[in-house]
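Coordinates as given in final-v2.cif (mmCIF, C-alpha atoms and all ligand atoms):
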```
data_final
#
loop_
_atom_site.label_atom_id
_atom_site.label_comp_id
_atom_site.auth_asym_id
_atom_site.auth_seq_id
_atom_site.Cartn_x
_atom_site.Cartn_y
_atom_site.Cartn_z
CA MET A 1 0.00 0.00 0.00
CA PRO A 2 1.65 3.32 -1.03
CA SER A 3 1.70 6.28 1.35
CA SER A 4 3.61 9.54 1.75
CA SER A 5 6.13 7.71 3.91
CA GLY A 6 6.83 5.16 1.14
CA ALA A 7 5.53 1.67 0.50
CA VAL A 8 4.42 -0.15 3.63
CA ASN A 9 3.65 -3.84 3.67
CA ILE A 10 0.59 -4.04 5.87
CA LEU A 11 -1.10 -7.28 4.79
CA ARG A 12 1.12 -10.27 4.16
CA GLY A 13 0.02 -13.58 2.74
CA VAL A 14 -3.58 -13.13 3.83
CA ASP A 15 -5.66 -16.08 2.58
CA LEU A 16 -9.31 -15.76 3.57
CA GLN A 17 -12.45 -17.14 1.98
CA ILE A 18 -15.83 -16.10 3.29
CA GLY A 19 -18.75 -18.15 2.03
CA ALA A 20 -22.03 -16.54 0.96
CA GLY A 21 -24.18 -15.96 4.01
CA GLU A 22 -21.35 -16.66 6.43
CA ALA A 23 -20.44 -14.38 9.36
CA VAL A 24 -16.74 -14.07 10.12
CA GLY A 25 -15.38 -12.20 13.13
CA VAL A 26 -11.92 -10.64 12.77
CA VAL A 27 -9.97 -10.03 15.97
CA GLY A 28 -6.39 -8.96 16.60
CA PRO A 29 -4.28 -6.28 18.24
CA SER A 30 -4.30 -2.62 17.27
CA GLY A 31 -2.22 -2.04 14.16
CA SER A 32 -2.39 -5.67 13.02
CA GLY A 33 -4.09 -4.78 9.72
CA LYS A 34 -7.81 -5.41 10.32
CA THR A 35 -9.03 -2.08 8.92
CA SER A 36 -6.56 -2.39 6.03
CA LEU A 37 -8.12 -5.75 5.15
CA LEU A 38 -11.58 -4.18 5.19
CA MET A 39 -10.43 -1.32 2.95
CA VAL A 40 -9.03 -3.79 0.43
CA LEU A 41 -12.24 -5.86 0.43
CA ALA A 42 -14.32 -2.70 -0.01
CA GLY A 43 -12.16 -1.63 -2.95
CA LEU A 44 -11.25 1.54 -1.08
CA GLU A 45 -7.57 0.55 -1.13
CA ARG A 46 -5.83 -1.53 -3.78
CA ALA A 47 -3.82 -4.60 -2.83
CA SER A 48 -0.32 -4.30 -4.31
CA SER A 49 -0.27 -8.03 -5.03
CA GLY A 50 -2.49 -11.07 -4.74
CA ARG A 51 -6.07 -11.61 -5.80
CA VAL A 52 -9.16 -10.12 -4.19
CA GLU A 53 -12.55 -11.41 -5.30
CA VAL A 54 -15.74 -9.94 -3.84
CA CYS A 55 -19.23 -11.14 -4.79
CA GLY A 56 -17.72 -13.11 -7.67
CA VAL A 57 -15.80 -10.15 -9.11
CA ASP A 58 -12.01 -9.88 -9.29
CA LEU A 59 -11.46 -6.33 -7.99
CA ALA A 60 -8.37 -5.90 -10.19
CA THR A 61 -10.66 -5.90 -13.25
CA LEU A 62 -12.59 -2.86 -11.99
CA GLY A 63 -11.69 0.83 -12.25
CA GLU A 64 -12.76 3.41 -9.67
CA ASP A 65 -16.25 3.74 -11.17
CA GLY A 66 -16.67 -0.03 -11.26
CA LEU A 67 -15.58 -0.31 -7.63
CA ALA A 68 -17.99 2.44 -6.61
CA ALA A 69 -20.82 0.67 -8.47
CA LEU A 70 -19.95 -2.64 -6.78
CA ARG A 71 -20.03 -0.93 -3.38
CA ARG A 72 -23.39 0.71 -4.06
CA ARG A 73 -24.91 -2.54 -5.28
CA ASP A 74 -23.36 -5.27 -3.16
CA ILE A 75 -21.44 -3.92 -0.17
CA GLY A 76 -22.59 -2.18 3.00
CA ILE A 77 -19.98 -0.67 5.32
CA VAL A 78 -20.33 0.38 8.94
CA PHE A 79 -17.49 2.24 10.64
CA GLN A 80 -16.74 2.87 14.30
CA SER A 81 -17.23 6.62 13.85
CA PHE A 82 -20.58 6.43 11.98
CA HIS A 83 -19.41 8.49 8.92
CA LEU A 84 -22.73 10.27 8.44
CA ILE A 85 -22.94 13.53 6.50
CA GLY A 86 -23.53 16.22 9.13
CA SER A 87 -25.52 18.59 6.93
CA MET A 88 -28.01 15.94 5.82
CA THR A 89 -30.98 14.54 7.73
CA ALA A 90 -31.09 10.90 8.73
CA LEU A 91 -33.42 10.23 5.80
CA GLU A 92 -31.11 11.99 3.32
CA ASN A 93 -28.08 10.11 4.66
CA VAL A 94 -29.79 6.79 4.03
CA ALA A 95 -31.33 7.83 0.70
CA ILE A 96 -28.25 9.26 -0.96
CA PRO A 97 -26.49 6.00 -1.87
CA LEU A 98 -29.79 4.68 -3.24
CA GLU A 99 -30.22 7.84 -5.31
CA LEU A 100 -26.66 7.52 -6.61
CA ALA A 101 -27.49 3.94 -7.60
CA GLY A 102 -30.39 5.30 -9.64
CA ALA A 103 -33.29 4.09 -7.47
CA SER A 104 -36.47 6.03 -8.25
CA ASP A 105 -37.97 5.16 -4.86
CA ALA A 106 -34.88 6.04 -2.81
CA GLU A 107 -36.75 8.07 -0.17
CA ASP A 108 -39.37 5.37 0.39
CA ARG A 109 -36.75 2.70 0.74
CA ALA A 110 -34.65 4.90 3.04
CA ALA A 111 -37.68 5.52 5.23
CA GLU A 112 -38.42 1.80 5.39
CA SER A 113 -34.81 1.08 6.32
CA LEU A 114 -34.90 3.70 9.09
CA ARG A 115 -38.12 2.22 10.45
CA ALA A 116 -36.41 -1.19 10.49
CA VAL A 117 -33.80 0.18 12.92
CA GLY A 118 -36.46 1.85 15.07
CA LEU A 119 -35.81 5.40 13.86
CA GLY A 120 -39.07 6.13 12.08
CA HIS A 121 -39.50 9.12 14.42
CA ARG A 122 -36.03 10.58 13.76
CA MET A 123 -35.99 10.87 9.97
CA THR A 124 -35.71 14.65 9.76
CA HIS A 125 -33.04 14.95 12.46
CA LEU A 126 -29.48 15.92 11.59
CA PRO A 127 -26.79 13.53 12.90
CA GLY A 128 -25.67 16.14 15.45
CA ALA A 129 -29.11 15.98 17.07
CA LEU A 130 -28.94 12.19 17.46
CA SER A 131 -27.28 10.10 20.17
CA GLY A 132 -24.29 7.93 19.27
CA GLY A 133 -26.44 4.81 19.25
CA GLU A 134 -29.01 6.51 17.03
CA GLN A 135 -26.30 7.68 14.64
CA GLN A 136 -24.95 4.15 14.36
CA ARG A 137 -28.49 2.89 13.71
CA VAL A 138 -28.76 5.44 10.86
CA ALA A 139 -25.44 4.09 9.55
CA LEU A 140 -26.88 0.55 9.79
CA ALA A 141 -30.03 1.64 7.95
CA ARG A 142 -27.83 3.17 5.25
CA ALA A 143 -25.64 0.06 5.02
CA PHE A 144 -28.64 -2.29 4.68
CA ALA A 145 -30.88 -0.04 2.56
CA ALA A 146 -29.67 -1.44 -0.76
CA ARG A 147 -29.84 -5.03 0.61
CA PRO A 148 -26.11 -5.63 0.10
CA ARG A 149 -24.78 -9.15 -0.25
CA LEU A 150 -21.81 -8.31 1.97
CA LEU A 151 -21.66 -6.19 5.11
CA LEU A 152 -18.25 -4.99 6.30
CA ALA A 153 -18.27 -3.68 9.87
CA ASP A 154 -15.25 -2.11 11.58
CA GLU A 155 -15.64 -1.87 15.36
CA PRO A 156 -19.27 -0.79 14.99
CA THR A 157 -19.73 -0.57 18.76
CA GLY A 158 -16.34 0.99 19.51
CA ASN A 159 -17.78 4.43 20.25
CA LEU A 160 -20.85 3.20 22.16
CA ASP A 161 -21.46 2.19 25.75
CA ARG A 162 -22.04 -1.50 26.35
CA ALA A 163 -25.86 -1.45 26.50
CA THR A 164 -26.17 0.75 23.40
CA GLY A 165 -23.59 -1.38 21.61
CA GLU A 166 -25.60 -4.50 22.36
CA THR A 167 -28.76 -2.92 20.95
CA VAL A 168 -26.91 -1.95 17.77
CA MET A 169 -25.38 -5.42 17.42
CA ASP A 170 -28.74 -7.14 18.02
CA LEU A 171 -30.10 -5.03 15.17
CA LEU A 172 -27.14 -5.79 12.91
CA PHE A 173 -27.41 -9.54 13.46
CA SER A 174 -31.18 -9.52 13.05
CA LEU A 175 -31.00 -7.55 9.77
CA ARG A 176 -28.29 -9.82 8.39
CA ALA A 177 -30.35 -12.87 9.36
CA SER A 178 -33.43 -11.56 7.56
CA PHE A 179 -31.50 -10.66 4.41
CA GLY A 180 -28.97 -13.53 4.48
CA THR A 181 -26.15 -10.98 4.34
CA THR A 182 -22.56 -12.19 4.43
CA LEU A 183 -20.71 -10.45 7.27
CA MET A 184 -17.15 -9.57 8.13
CA LEU A 185 -17.13 -8.05 11.60
CA ILE A 186 -13.96 -6.51 13.03
CA THR A 187 -14.13 -6.28 16.79
CA HIS A 188 -12.02 -6.17 19.93
CA ASP A 189 -14.91 -7.69 21.87
CA PRO A 190 -14.61 -11.49 22.17
CA ALA A 191 -18.31 -11.82 23.05
CA LEU A 192 -19.23 -10.04 19.85
CA ALA A 193 -16.84 -12.10 17.74
CA ALA A 194 -18.40 -15.22 19.26
CA ARG A 195 -21.73 -14.30 17.65
CA CYS A 196 -20.14 -14.99 14.25
CA ASP A 197 -19.99 -18.43 12.62
CA ARG A 198 -16.20 -18.31 12.62
CA ILE A 199 -13.42 -16.20 14.08
CA VAL A 200 -10.08 -15.39 12.45
CA SER A 201 -7.20 -13.61 14.18
CA MET A 202 -4.95 -11.06 12.59
CA ALA A 203 -1.46 -10.42 13.90
CA ASP A 204 1.22 -8.39 12.16
CA GLY A 205 -0.61 -8.41 8.83
CA LYS A 206 -1.16 -12.15 8.83
CA LEU A 207 -4.30 -14.15 9.46
CA SER A 208 -4.66 -17.35 11.42
CA PRO A 209 -7.84 -19.37 11.91
N1 LIG B 301 -2.39 4.63 4.53
C1 LIG B 301 -1.44 4.07 5.29
N2 LIG B 301 -0.14 4.30 5.04
C2 LIG B 301 0.84 3.74 5.78
N3 LIG B 301 0.60 2.91 6.81
C3 LIG B 301 -0.67 2.65 7.11
C4 LIG B 301 -1.76 3.20 6.38
N4 LIG B 301 -2.91 2.75 6.93
C5 LIG B 301 -2.54 1.95 7.95
N5 LIG B 301 -1.21 1.89 8.07
C6 LIG B 301 -0.44 1.07 9.04
O1 LIG B 301 -0.81 -0.26 8.83
C7 LIG B 301 -0.90 -1.00 10.03
C8 LIG B 301 -2.25 -1.64 10.17
O2 LIG B 301 -3.23 -0.62 10.35
P1 LIG B 301 -4.78 -0.96 10.49
O3 LIG B 301 -5.49 0.34 10.58
O4 LIG B 301 -5.17 -1.89 9.40
O5 LIG B 301 -4.79 -1.73 11.89
P2 LIG B 301 -6.02 -2.26 12.75
O6 LIG B 301 -5.77 -3.72 12.99
O7 LIG B 301 -7.29 -1.87 12.11
O8 LIG B 301 -5.82 -1.48 14.12
P3 LIG B 301 -6.93 -0.91 15.17
O9 LIG B 301 -7.40 -2.11 15.96
O10 LIG B 301 -6.15 0.03 16.02
O11 LIG B 301 -8.01 -0.26 14.39
C9 LIG B 301 -0.56 0.01 11.13
O12 LIG B 301 0.78 -0.18 11.49
C10 LIG B 301 -0.78 1.35 10.47
O13 LIG B 301 0.07 2.32 11.04
MG MG B 302 -8.82 -0.60 12.67
#
```
Take the structure in the file and give it back as structure tokens.
Ligand SMILES: Nc1ncnc2c1ncn2[C@@H]1O[C@H](COP(=O)(O)OP(=O)(O)OP(=O)(O)O)[C@@H](O)[C@H]1O
Ligand SMILES: [Mg+2]
Amino acid sequence: MPSSSGAVNILRGVDLQIGAGEAVGVVGPSGSGKTSLLMVLAGLERASSGRVEVCGVDLATLGEDGLAALRRRDIGIVFQSFHLIGSMTALENVAIPLELAGASDAEDRAAESLRAVGLGHRMTHLPGALSGGEQQRVALARAFAARPRLLLADEPTGNLDRATGETVMDLLFSLRASFGTTLMLITHDPALAARCDRIVSMADGKLSP
């Protein structure tokens, strides 16, 4: 992966297959490469070598537009720090990726997705007027709105207290169960990782089962 400080080898010899519908928990110390792995799978960073296939597509065959289209169609992402657009309402935050994907009923689907996370009464609120747990539920609604085949979650409860985190994770697991979504969940919380079908550990850029 190139950076201003020169090439840095962050992921080394990572060999991971996630089956359709499977939930895999990724654990490992800070700096071990978990977020880097997520960025590569999301097509937000390019692997300098090796092969990355997501939803049946070799990412090397896609340009930036192709990667963006794949993300809009097939991949939902939830980050620790919510990543909502502060000047847009909850409804607009959820609707915008659907609009970009060309959906004519983006607002209706966004509203339905917000109701599914229990935020039907918060649609016109800006993120700044929502609690952390509510903001993460908006992010969940956004991630699931397009019914992605793959959900990538990076420490989704890292900024939440335990009770709120549990509510958010109950929602995440219930949504993925109803849609059959494949999940890669990065977490420091062993109890959370244990909710996945399988756990892999990352250390120093390498994965072990
Ligand atoms: N763009 C970049 N350029 C150079 N080095 C980077 C870049 N992004 C991450 N790194 C380095 O790569 C290593 C792995 O980082 P990464 O963010 O993937 O770790 P992580 O396992 O997600 O850690 P944490 O649990 O703290 O989130 C770290 O040593 C980090 O400093
Ligand atoms: Mg990380």
How close does each residue of chain A get to ligand MG 302 (chain B), giving the shortest atom pair and distance in Å to one decimal for every residue with an atom at most 10 Å away, counting all atoms listed in the file, sorted by chain and residue number, as CSV?
```
residue,atom,partner,partner_atom,distance
A:Gly28,CA,B:MG302,MG,9.6
A:Pro29,CA,B:MG302,MG,9.2
A:Ser30,CA,B:MG302,MG,6.8
A:Gly31,CA,B:MG302,MG,6.9
A:Ser32,CA,B:MG302,MG,8.2
A:Gly33,CA,B:MG302,MG,7.0
A:Lys34,CA,B:MG302,MG,5.4
A:Thr35,CA,B:MG302,MG,4.0
A:Ser36,CA,B:MG302,MG,7.2
A:Leu37,CA,B:MG302,MG,9.1
A:Leu38,CA,B:MG302,MG,8.7
A:Met39,CA,B:MG302,MG,9.9
A:Phe79,CA,B:MG302,MG,9.3
A:Gln80,CA,B:MG302,MG,8.8
A:Asp154,CA,B:MG302,MG,6.7
A:Glu155,CA,B:MG302,MG,7.4
A:Ile186,CA,B:MG302,MG,7.8
A:Thr187,CA,B:MG302,MG,8.8
A:His188,CA,B:MG302,MG,9.7
```
Restricting it to C-alpha atoms, dump the selection as a PDB file, in the coordinates of the input.
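The resulting part-v4.pdb:
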```pdb
ATOM      1  CA  GLY A  28      -6.390  -8.960  16.600  1.00  0.00           C
ATOM      2  CA  PRO A  29      -4.280  -6.280  18.240  1.00  0.00           C
ATOM      3  CA  SER A  30      -4.300  -2.620  17.270  1.00  0.00           C
ATOM      4  CA  GLY A  31      -2.220  -2.040  14.160  1.00  0.00           C
ATOM      5  CA  SER A  32      -2.390  -5.670  13.020  1.00  0.00           C
ATOM      6  CA  GLY A  33      -4.090  -4.780   9.720  1.00  0.00           C
ATOM      7  CA  LYS A  34      -7.810  -5.410  10.320  1.00  0.00           C
ATOM      8  CA  THR A  35      -9.030  -2.080   8.920  1.00  0.00           C
ATOM      9  CA  SER A  36      -6.560  -2.390   6.030  1.00  0.00           C
ATOM     10  CA  LEU A  37      -8.120  -5.750   5.150  1.00  0.00           C
ATOM     11  CA  LEU A  38     -11.580  -4.180   5.190  1.00  0.00           C
ATOM     12  CA  MET A  39     -10.430  -1.320   2.950  1.00  0.00           C
ATOM     13  CA  PHE A  79     -17.490   2.240  10.640  1.00  0.00           C
ATOM     14  CA  GLN A  80     -16.740   2.870  14.300  1.00  0.00           C
ATOM     15  CA  ASP A 154     -15.250  -2.110  11.580  1.00  0.00           C
ATOM     16  CA  GLU A 155     -15.640  -1.870  15.360  1.00  0.00           C
ATOM     17  CA  ILE A 186     -13.960  -6.510  13.030  1.00  0.00           C
ATOM     18  CA  THR A 187     -14.130  -6.280  16.790  1.00  0.00           C
ATOM     19  CA  HIS A 188     -12.020  -6.170  19.930  1.00  0.00           C
TER      20      HIS A 188
END
```
Report as AutoDock Vina command-line options the centre and the edge lengths, in Å to one decimal, of the axis-aligned box holding every listed atom of stretch 130-149 of chain A, padded by 8 Å on each side.
```
--center_x -27.6 --center_y 1.5 --center_z 9.7 --size_x 22.6 --size_y 37.3 --size_z 36.9
```
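The spacing separating atom CA of A:Leu207 from atom CA of A:Thr167 amounts to 29.3 Å.
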### Task
Please measure the separation of atom CA of A:Ala194 and atom CA of A:Gly133, giving the value in Å to one decimal.
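Answer for the atom CA of A:Ala194 to atom CA of A:Gly133 separation: 21.6 Å.
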### Query
Within 7 Å of A:Cys196, counting all atoms listed in the file, which residues qualify if same-chain residues fewer than 3 places away don't, as a list in words?
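What passes the distance filter is Ala23, Val24, Gly25, Ala193 and Ile199 of chain A.
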### Task
Enter the distance from atom CA of A:Gly19 to atom CA of A:Asp58, in Å, rounded to one decimal.
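Atom-to-atom, atom CA of A:Gly19 and atom CA of A:Asp58 are spaced 15.6 Å apart.
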### Query
Around (-28.9, -11.5, 9.0) in the file's frame, which residues reach within 12 Å when counting only C-alpha atoms? Return as number ranges by chain?
A: 20-23, 144, 147-151, 169-184, 195-197
### Task
Excluding A:Val14 and any residue of its chain fewer than 5 positions from it, enumerate the residues within 12 Å of it, using only C-alpha atoms, and give them as a count of residues only.
23
### Query
Which is closest to ligand LIG 301 (chain B) among A:Ala191, A:Leu185, A:Ala111, A:Val57, if we use all atoms listed in the file?
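Residue with the minimum atom-to-atom distance to ligand LIG 301 (chain B): A:Leu185.
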